[in-house]
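Student: Provided herewith: protein33.txt, compact mmCIF, C-alpha atoms.
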# COMPACT_ATOMS: atom_id res chain seq x y z
CA MET A 117 139.27 88.38 93.10
CA ASP A 118 142.92 89.29 93.02
CA LYS A 119 144.16 89.80 96.61
CA LYS A 120 146.29 92.77 95.55
CA LEU A 121 143.28 94.49 94.00
CA LEU A 122 141.17 93.69 97.08
CA TYR A 123 143.77 95.15 99.44
CA SER A 124 144.06 98.22 97.24
CA LEU A 125 140.29 98.77 97.31
CA LEU A 126 140.18 98.28 101.08
CA ALA A 127 143.05 100.73 101.57
CA PHE A 128 141.32 103.25 99.28
CA ALA A 129 138.03 102.86 101.18
CA ALA A 130 139.85 103.31 104.50
CA ILE A 131 141.47 106.50 103.22
CA ILE A 132 138.11 107.88 102.04
CA CYS A 133 136.46 107.06 105.39
CA THR A 134 139.33 108.63 107.32
CA ILE A 135 139.21 111.79 105.22
CA SER A 136 135.43 112.02 105.67
CA LEU A 137 135.74 111.70 109.44
CA MET A 138 138.52 114.30 109.52
CA VAL A 139 136.38 116.74 107.52
CA PHE A 140 133.48 116.10 109.90
CA LEU A 141 135.63 116.71 112.98
CA LEU A 142 137.21 119.83 111.49
CA SER A 143 133.97 121.23 110.05
CA PRO A 144 133.72 124.01 112.71
CA PHE A 145 137.17 125.23 111.66
CA LEU A 146 137.03 124.69 107.89
CA GLY A 147 136.57 128.41 107.31
CA SER A 148 139.63 129.23 109.41
CA ILE A 149 141.66 126.51 107.66
CA VAL A 150 140.77 127.80 104.19
CA TRP A 151 141.47 131.42 105.18
CA ALA A 152 144.84 130.41 106.67
CA PHE A 153 145.72 128.68 103.40
CA VAL A 154 144.61 131.68 101.31
CA LEU A 155 146.45 134.22 103.45
CA ALA A 156 149.61 132.09 103.56
CA LEU A 157 149.55 131.79 99.79
CA ALA A 158 148.98 135.52 99.30
CA ALA A 159 151.67 136.53 101.83
CA ASN A 160 154.17 133.87 100.73
CA PRO A 161 156.50 136.35 98.94
CA ILE A 162 156.72 138.46 102.12
CA HIS A 163 157.28 135.34 104.24
CA ARG A 164 160.17 134.27 102.00
CA ARG A 165 161.86 137.63 102.55
CA ILE A 166 161.36 137.37 106.31
CA LEU A 167 162.69 133.79 106.23
CA LYS A 168 165.77 135.01 104.37
CA LEU A 169 166.17 137.86 106.87
CA PHE A 170 166.22 135.38 109.78
CA LYS A 171 168.57 133.02 107.90
CA GLY A 172 166.14 130.14 107.51
CA ARG A 173 164.85 129.97 111.09
CA GLN A 174 161.36 128.64 110.44
CA ASN A 175 159.71 129.27 113.82
CA ILE A 176 160.65 132.92 114.27
CA ALA A 177 160.04 133.70 110.57
CA ALA A 178 156.59 132.09 110.69
CA PHE A 179 155.76 133.98 113.89
CA CYS A 180 156.81 137.33 112.39
CA SER A 181 154.91 136.67 109.15
CA ALA A 182 151.74 135.69 111.04
CA ALA A 183 152.08 138.75 113.31
CA LEU A 184 152.46 141.01 110.26
CA VAL A 185 149.30 139.60 108.68
CA PHE A 186 147.49 139.97 112.01
CA LEU A 187 148.40 143.65 112.24
CA PHE A 188 147.45 144.26 108.62
CA LEU A 189 144.01 142.73 109.14
CA ALA A 190 143.22 143.57 112.75
CA VAL A 191 144.20 147.24 113.07
CA PRO A 192 141.73 148.70 110.48
CA PHE A 193 138.82 146.58 111.72
CA PHE A 194 139.67 147.31 115.35
CA LEU A 195 139.58 151.07 114.68
CA LEU A 196 136.34 150.70 112.73
CA SER A 197 134.80 148.65 115.55
CA LEU A 198 135.72 151.35 118.08
CA ILE A 199 134.15 154.06 115.91
CA PHE A 200 130.93 152.12 115.32
CA ALA A 201 130.74 150.88 118.92
CA GLY A 202 131.03 154.45 120.24
CA GLN A 203 128.44 155.81 117.81
CA ALA A 204 126.06 152.87 118.38
CA PHE A 205 126.34 153.30 122.17
CA ASP A 206 125.54 157.01 121.90
CA VAL A 207 122.56 156.41 119.61
CA LEU A 208 121.10 153.59 121.72
CA SER A 209 121.63 155.54 124.97
CA SER A 210 119.89 158.56 123.51
CA LEU A 211 117.06 156.38 122.20
CA GLU A 212 116.59 154.71 125.60
CA ASP A 213 116.59 158.09 127.41
CA ASP A 214 113.98 159.50 125.02
CA ILE A 215 111.71 156.47 125.47
CA GLN A 216 111.99 156.62 129.27
CA LYS A 217 111.10 160.34 129.17
CA GLY A 218 108.10 159.62 126.96
CA GLN A 219 109.60 161.46 124.01
CA ILE A 220 109.65 160.25 120.40
CA PRO A 221 113.19 160.43 118.93
CA ILE A 222 113.83 162.72 115.89
CA VAL A 223 110.11 163.64 115.77
CA LYS A 224 111.04 167.31 115.91
CA GLN A 225 113.39 167.02 112.91
CA VAL A 226 110.76 165.10 110.96
CA ALA A 227 108.05 167.60 111.79
CA GLU A 228 110.28 170.47 110.61
CA ASN A 229 110.66 168.84 107.21
CA PRO A 230 108.29 170.84 104.90
CA ALA A 231 107.45 167.88 102.67
CA ILE A 232 106.65 165.55 105.56
CA ASN A 233 104.78 168.30 107.44
CA ASN A 234 102.61 168.86 104.34
CA TYR A 235 101.58 165.19 104.30
CA ILE A 236 100.91 165.28 108.04
CA GLU A 237 98.56 168.26 107.64
CA LYS A 238 96.67 166.54 104.82
CA ALA A 239 96.26 163.36 106.90
CA ARG A 240 95.35 165.15 110.14
CA PRO A 241 91.53 165.17 109.52
CA TYR A 242 91.58 161.40 109.06
CA LEU A 243 93.69 160.83 112.18
CA LYS A 244 91.92 163.20 114.58
CA ASP A 245 90.54 160.32 116.67
CA ALA A 246 93.81 158.39 116.77
CA ASP A 247 96.27 158.78 119.62
CA ILE A 248 99.36 159.32 117.48
CA ASN A 249 101.68 159.76 120.45
CA SER A 250 100.67 156.44 122.06
CA ILE A 251 100.98 154.61 118.75
CA SER A 252 104.39 156.16 118.12
CA MET A 253 105.62 155.31 121.62
CA ALA A 254 104.43 151.72 121.30
CA THR A 255 106.18 151.47 117.94
CA MET A 256 109.42 152.89 119.33
CA LYS A 257 109.32 150.49 122.29
CA GLY A 258 108.85 147.61 119.87
CA VAL A 259 111.80 148.85 117.85
CA TRP A 260 113.87 149.13 121.03
CA ASN A 261 113.05 145.55 122.08
CA PHE A 262 113.92 144.35 118.58
CA LEU A 263 117.24 146.19 118.69
CA ALA A 264 118.01 144.68 122.10
CA LEU A 265 117.36 141.18 120.72
CA ILE A 266 119.49 141.84 117.65
CA SER A 267 122.31 143.25 119.79
CA LYS A 268 122.47 140.01 121.84
CA LYS A 269 122.71 137.89 118.70
CA LEU A 270 125.23 140.31 117.22
CA THR A 271 127.38 140.06 120.36
CA LEU A 272 127.45 136.26 120.07
CA ASN A 273 128.35 136.49 116.38
CA ILE A 274 131.12 138.96 117.15
CA PHE A 275 132.65 136.64 119.75
CA SER A 276 132.42 133.76 117.28
CA ALA A 277 134.08 135.86 114.56
CA ILE A 278 136.87 136.89 116.96
CA PHE A 279 137.48 133.25 117.89
CA GLN A 280 137.58 132.23 114.22
CA PHE A 281 139.95 135.11 113.45
CA PHE A 282 142.47 134.11 116.12
CA MET A 283 142.14 130.47 115.06
CA THR A 284 143.00 131.58 111.52
CA ILE A 285 146.10 133.43 112.74
CA LEU A 286 147.18 130.39 114.76
CA LEU A 287 146.77 128.11 111.74
CA LEU A 288 148.52 130.70 109.61
CA PHE A 289 151.65 130.28 111.74
CA PHE A 290 151.70 126.55 110.98
CA ALA A 291 150.90 127.21 107.33
CA PHE A 292 153.96 129.47 107.05
CA ARG A 293 156.16 127.03 108.96
CA ASP A 294 155.02 123.66 107.58
CA GLY A 295 153.00 124.58 104.48
CA GLU A 296 155.58 123.63 101.89
CA THR A 297 156.29 120.27 103.56
CA ILE A 298 152.57 119.43 103.76
CA LEU A 299 152.01 120.50 100.16
CA LYS A 300 154.94 118.40 98.95
CA THR A 301 153.62 115.34 100.80
CA LEU A 302 150.13 115.77 99.33
CA TRP A 303 151.48 116.18 95.79
CA GLU A 304 153.42 112.92 96.09
CA ILE A 305 150.19 110.90 96.31
CA VAL A 306 148.47 112.72 93.41
CA PRO A 307 148.79 110.66 90.19
CA LEU A 308 149.61 113.55 87.86
CA LYS A 309 152.65 114.52 85.86
CA ASP A 310 154.97 117.13 87.33
CA SER A 311 154.10 119.52 84.49
CA ASP A 312 150.37 119.26 85.31
CA LYS A 313 151.06 119.76 89.02
CA ALA A 314 153.09 122.86 88.19
CA LYS A 315 150.22 124.25 86.08
CA ILE A 316 147.70 123.62 88.87
CA GLU A 317 149.98 125.34 91.40
CA ASP A 318 150.37 128.28 89.04
CA ILE A 319 146.60 128.55 88.59
CA VAL A 320 145.98 128.49 92.35
CA LYS A 321 148.61 131.17 93.00
CA ARG A 322 147.39 133.43 90.18
CA VAL A 323 143.69 133.11 91.01
CA VAL A 324 144.05 133.55 94.79
CA GLY A 325 146.41 136.51 94.39
CA ALA A 326 144.23 138.14 91.73
CA VAL A 327 141.06 137.69 93.81
CA LEU A 328 142.61 139.18 96.96
CA TYR A 329 144.09 142.16 95.17
CA GLY A 330 140.87 142.54 93.17
CA ILE A 331 138.85 142.67 96.39
CA VAL A 332 141.13 145.36 97.83
CA LEU A 333 140.99 147.39 94.59
CA ALA A 334 137.18 147.18 94.43
CA CYS A 335 136.81 148.22 98.09
CA VAL A 336 139.11 151.22 97.60
CA ALA A 337 137.11 152.22 94.51
CA GLN A 338 133.82 151.97 96.42
CA GLY A 339 135.15 154.06 99.30
CA THR A 340 136.57 156.70 96.95
CA LEU A 341 133.35 157.00 94.93
CA GLY A 342 131.29 157.04 98.13
CA GLY A 343 133.42 159.89 99.50
CA ILE A 344 132.95 161.81 96.23
CA GLY A 345 129.18 161.34 96.54
CA PHE A 346 129.26 162.63 100.13
CA ALA A 347 131.23 165.69 99.02
CA ILE A 348 128.80 166.51 96.18
CA ALA A 349 125.82 166.04 98.53
CA GLY A 350 127.35 168.54 100.96
CA LEU A 351 127.83 166.10 103.82
CA PRO A 352 130.66 166.76 106.29
CA ALA A 353 133.99 164.85 106.38
CA PRO A 354 133.67 163.06 103.02
CA VAL A 355 137.25 161.75 103.22
CA PHE A 356 136.63 160.24 106.66
CA TYR A 357 133.38 158.57 105.64
CA GLY A 358 134.94 157.44 102.36
CA ALA A 359 137.65 155.68 104.37
CA ILE A 360 135.01 154.00 106.54
CA MET A 361 133.13 152.90 103.41
CA THR A 362 136.35 151.37 102.10
CA ILE A 363 136.58 149.19 105.21
CA CYS A 364 132.84 148.44 105.23
CA ALA A 365 133.10 147.31 101.60
CA PHE A 366 134.77 144.13 102.89
CA VAL A 367 131.47 143.18 104.59
CA PRO A 368 129.46 140.92 102.24
CA VAL A 369 126.06 141.96 100.82
CA VAL A 370 125.59 145.26 102.72
CA GLY A 371 129.09 146.73 102.39
CA PRO A 372 129.23 150.56 102.02
CA ALA A 373 125.47 150.77 102.53
CA LEU A 374 126.22 150.62 106.26
CA VAL A 375 127.46 154.18 105.84
CA TRP A 376 125.61 155.75 102.92
CA ALA A 377 122.11 154.45 103.76
CA PRO A 378 121.92 156.37 107.10
CA ALA A 379 123.30 159.44 105.30
CA VAL A 380 120.50 159.26 102.71
CA ILE A 381 117.88 158.90 105.46
CA TYR A 382 119.40 161.86 107.31
CA LEU A 383 119.20 164.06 104.19
CA PHE A 384 115.54 163.11 103.66
CA VAL A 385 114.71 163.85 107.31
CA ILE A 386 116.23 167.33 107.28
CA GLY A 387 114.40 168.14 104.04
CA ASP A 388 117.39 168.15 101.68
CA THR A 389 115.47 166.01 99.19
CA GLY A 390 117.55 166.89 96.12
CA ASN A 391 120.86 165.80 97.64
CA ALA A 392 119.18 162.77 99.23
CA VAL A 393 117.86 161.56 95.86
CA PHE A 394 121.23 162.23 94.22
CA LEU A 395 123.15 160.34 96.90
CA LEU A 396 120.70 157.42 96.78
CA ILE A 397 120.96 157.08 92.99
CA TRP A 398 124.75 157.60 93.03
CA CYS A 399 125.31 154.95 95.70
CA LEU A 400 122.90 152.41 94.20
CA THR A 401 124.08 152.70 90.60
CA VAL A 402 127.77 153.52 91.04
CA VAL A 403 129.12 152.74 94.52
CA SER A 404 127.29 149.46 95.09
CA CYS A 405 127.78 148.17 91.55
CA ILE A 406 131.36 149.18 90.74
CA ASP A 407 132.80 146.15 92.54
CA ASN A 408 130.81 143.83 90.24
CA VAL A 409 132.62 145.47 87.32
CA ILE A 410 136.15 146.03 88.64
CA ARG A 411 136.57 142.76 90.53
CA PRO A 412 135.77 140.27 87.71
CA ILE A 413 137.69 142.26 85.06
CA TYR A 414 140.77 142.64 87.26
CA ILE A 415 140.68 138.99 88.39
CA SER A 416 140.22 137.77 84.82
CA GLY A 417 143.13 139.87 83.56
CA LYS A 418 145.55 138.89 86.31
CA SER A 419 144.59 135.23 86.55
CA LYS A 420 144.35 134.75 82.75
CA ILE A 421 141.00 132.99 83.18
CA PRO A 422 138.04 133.78 80.85
CA LEU A 423 135.80 136.55 82.19
CA PRO A 424 132.51 134.53 82.17
CA ILE A 425 134.10 131.87 84.39
CA ILE A 426 135.30 134.53 86.85
CA VAL A 427 131.89 136.25 86.93
CA LEU A 428 130.06 132.97 87.56
CA GLY A 429 132.59 131.96 90.20
CA VAL A 430 132.46 135.28 92.06
CA LEU A 431 128.67 135.65 92.05
CA GLY A 432 127.95 131.98 92.74
CA GLY A 433 130.55 131.79 95.50
CA LEU A 434 129.27 134.98 97.13
CA MET A 435 125.66 133.76 97.15
CA THR A 436 126.44 130.29 98.51
CA LEU A 437 129.51 130.68 100.74
CA GLY A 438 129.56 134.38 101.60
CA PHE A 439 132.79 136.36 101.53
CA LEU A 440 134.94 133.23 101.40
CA GLY A 441 133.06 132.18 98.27
CA ILE A 442 134.47 135.17 96.37
CA ILE A 443 137.83 133.39 96.54
CA LEU A 444 136.74 129.75 96.37
CA GLY A 445 134.25 130.27 93.51
CA PRO A 446 136.73 131.46 90.83
CA LEU A 447 139.36 129.03 92.15
CA LEU A 448 137.08 125.98 91.84
CA PHE A 449 135.90 127.02 88.37
CA SER A 450 139.49 127.55 87.25
CA LEU A 451 140.59 124.17 88.61
CA PHE A 452 137.62 122.55 86.86
CA VAL A 453 138.70 124.04 83.53
CA GLU A 454 142.26 122.78 84.12
CA ALA A 455 140.95 119.31 85.06
CA ILE A 456 139.00 119.19 81.78
CA ARG A 457 142.16 120.12 79.88
CA ILE A 458 144.20 117.41 81.61
CA TYR A 459 141.47 114.81 80.95
CA LYS A 460 141.26 115.76 77.28
CA GLU A 461 145.01 115.82 76.68
CA GLU A 462 146.07 112.89 78.86
CA ILE A 463 143.15 110.45 78.48
CA LEU A 464 140.90 111.24 75.50
CA HIS A 465 143.53 112.41 73.02
CA PRO A 466 146.97 111.66 74.48
CA SER A 467 150.02 112.59 72.47
CA PRO A 468 152.68 109.91 71.80
CA GLN A 469 154.98 111.63 74.28
CA ALA A 470 152.24 111.61 76.97
CA GLU A 471 151.58 107.90 76.35
CA THR A 472 155.28 107.13 76.77
CA GLU A 473 155.40 109.09 80.06
CA ASN A 474 152.27 107.31 81.35
CA ILE A 475 153.82 103.90 80.53
CA LYS A 476 156.98 104.84 82.42
CA ALA A 477 154.91 106.07 85.37
Can you give me the file's structure in the form of structure tokens?

Tutor:
Amino acid sequence: MDKKLLYSLLAFAAIICTISLMVFLLSPFLGSIVWAFVLALAANPIHRRILKLFKGRQNIAAFCSAALVFLFLAVPFFLLSLIFAGQAFDVLSSLEDDIQKGQIPIVKQVAENPAINNYIEKARPYLKDADINSISMATMKGVWNFLALISKKLTLNIFSAIFQFFMTILLLFFAFRDGETILKTLWEIVPLKDSDKAKIEDIVKRVVGAVLYGIVLACVAQGTLGGIGFAIAGLPAPVFYGAIMTICAFVPVVGPALVWAPAVIYLFVIGDTGNAVFLLIWCLTVVSCIDNVIRPIYISGKSKIPLPIIVLGVLGGLMTLGFLGIILGPLLFSLFVEAIRIYKEEILHPSPQAETENIKA
């Protein structure tokens, strides 16, 4: 075997092994690394202005850009966390007090509901020998123990999310400061023409930017429509709860349901069945589904990628990778389409000009 070929294969194998080990070592932080890359790419225009403002001083410009992104992301979620933490503490404290006093929470409100009271009266002859109060108390204690277990796991997840968030901001600083240098170094070892590299860069910028702005647009639409539903159903402070639903819409899977589901239950409990049914149908068919319409259409239009590819990327990424998959799914599908184009034009059916460039390379 040719020694040059052997050394090339050994060097290639060493590079693959090194990359695999690096990915393994960095696996706990891969999410933070990807988010830092995405945020740096999305905020790059703002960073360039800040860099120009500080006359090219990389460190202070990167620090200011990372701090700006931190404030933009942290302040809304911090306020939301305070609101939910306060309400959750009040609810759990009230629930614990009722259980210790031997009382069943919200039983009075349920009993005052005419529809529920009618069913209770019909079932009373069949339940005359059952100790309803003991069964209810045992059920509520079981629910309380379950909530306590969930709260411990939730606390651990919150601390993990906070750690990952600050790790993302730290990496974002380095992405702003050294991102272009790292990207230039990586492109130098990629065996593609400059025109193909430019197209890939353009695709990444367009898709990431379109996905981020599409997510924000869809969340605002969900919060607005949810607030309208609250107003029609006669619930108080529809603007306030609409704003909370906008923030909750960033949470994968459940999203605005964190707000409207308790509201629907509340309306059923107090006997306002008509508004409860309306709000349930409105939120299920409009609020919870509008993002699956707005997001793919907006992303497809801005990124100039076919709509079916965007839909498959968004839904597949969301189901496999969670919230991060909403960004990575369309991006990977788009890069795959571009890779097919490059393969077809450069290898299967190269033009005479492309063959000349490949010979020179």

Student: For Ala326 (chain A), please output as a list in words all residues within 6 Å (counting all atoms listed in the file; exclusion window: fewer than 5 positions along the same chain).

Tutor: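 Selected residues are Ile415, Lys418 and Ser419 of chain A.
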
Student: Using CA of Tyr414 (chain A) and CA of Gly345 (chain A) as the two end points, give the distance in Å to one decimal.

Tutor: 23.9 Å

Student: As a count of residues only, please: the residues near Pro378 (chain A) (cut-off 12 Å, only C-alpha atoms, same-chain neighbours under 3 positions excluded).

Tutor: 16

Student: What gap, in Å, lies between CA of Arg165 (chain A) and CA of Phe179 (chain A)?

Tutor: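 Separating CA of Arg165 (chain A) from CA of Phe179 (chain A) is a distance of 13.4 Å.
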
Student: One decimal, Å: what's the distance from CA of Gly343 (chain A) over to CA of Met361 (chain A), could you say?

Tutor: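 Atom-to-atom, CA of Gly343 (chain A) to CA of Met361 (chain A), that is 8.0 Å.
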
Student: Measuring between all atoms listed in the file, which one of A:Ser450, A:Val367, A:Ala377, A:Gly330 shows the shortest distance to Asn408 (chain A)?

Tutor: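 Nearest candidate to Asn408 (chain A) out of A:Ser450, A:Val367, A:Ala377, A:Gly330: A:Gly330.
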
Student: Of the residues A:Val336, A:Ala152, A:Leu184, A:Ile331, which is the one nearest to Phe290 (chain A), using only C-alpha atoms?

Tutor: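 Checking each of A:Val336, A:Ala152, A:Leu184, A:Ile331 against Phe290 (chain A), counting only C-alpha atoms, the winner is A:Ala152.
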
Student: Tell me which of A:Ala177, A:Val409, A:Ala156, A:Ile363 sits closest to Glu296 (chain A), counting only C-alpha atoms.

Tutor: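 Closest to Glu296 (chain A) of all the choices is A:Ala156.
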
Student: Choose the residue, out of A:Ala359, A:Val393, A:Ile406, A:Cys180, that has the smallest atom-to-atom separation from Leu167 (chain A); count only C-alpha atoms.

Tutor: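 Smallest distance to Leu167 (chain A) is found for A:Cys180.
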
Student: Would you please work out which residue, of A:Leu287, A:Val323, A:Leu440, A:Cys335, is nearest to Ile360 (chain A) when using all atoms listed in the file?

Tutor: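 Closest to Ile360 (chain A), using all atoms listed in the file: A:Cys335.
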
Student: Using only C-alpha atoms for the distances, tell me which of A:Ser404, A:Asp312, A:Thr389, A:Phe439 is nearest to Leu451 (chain A).

Tutor: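 Checking each of A:Ser404, A:Asp312, A:Thr389, A:Phe439 against Leu451 (chain A), counting only C-alpha atoms, the winner is A:Asp312.
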
Student: Hey, can I get the axis-aligned box for region 145-159 of chain A? All listed atoms, 6 Å padding on each side, centre and edge lengths in Å to one decimal, as JSON.

Tutor:
{"center_x": 144.1, "center_y": 130.6, "center_z": 105.5, "size_x": 27.1, "size_y": 23.8, "size_z": 24.4}
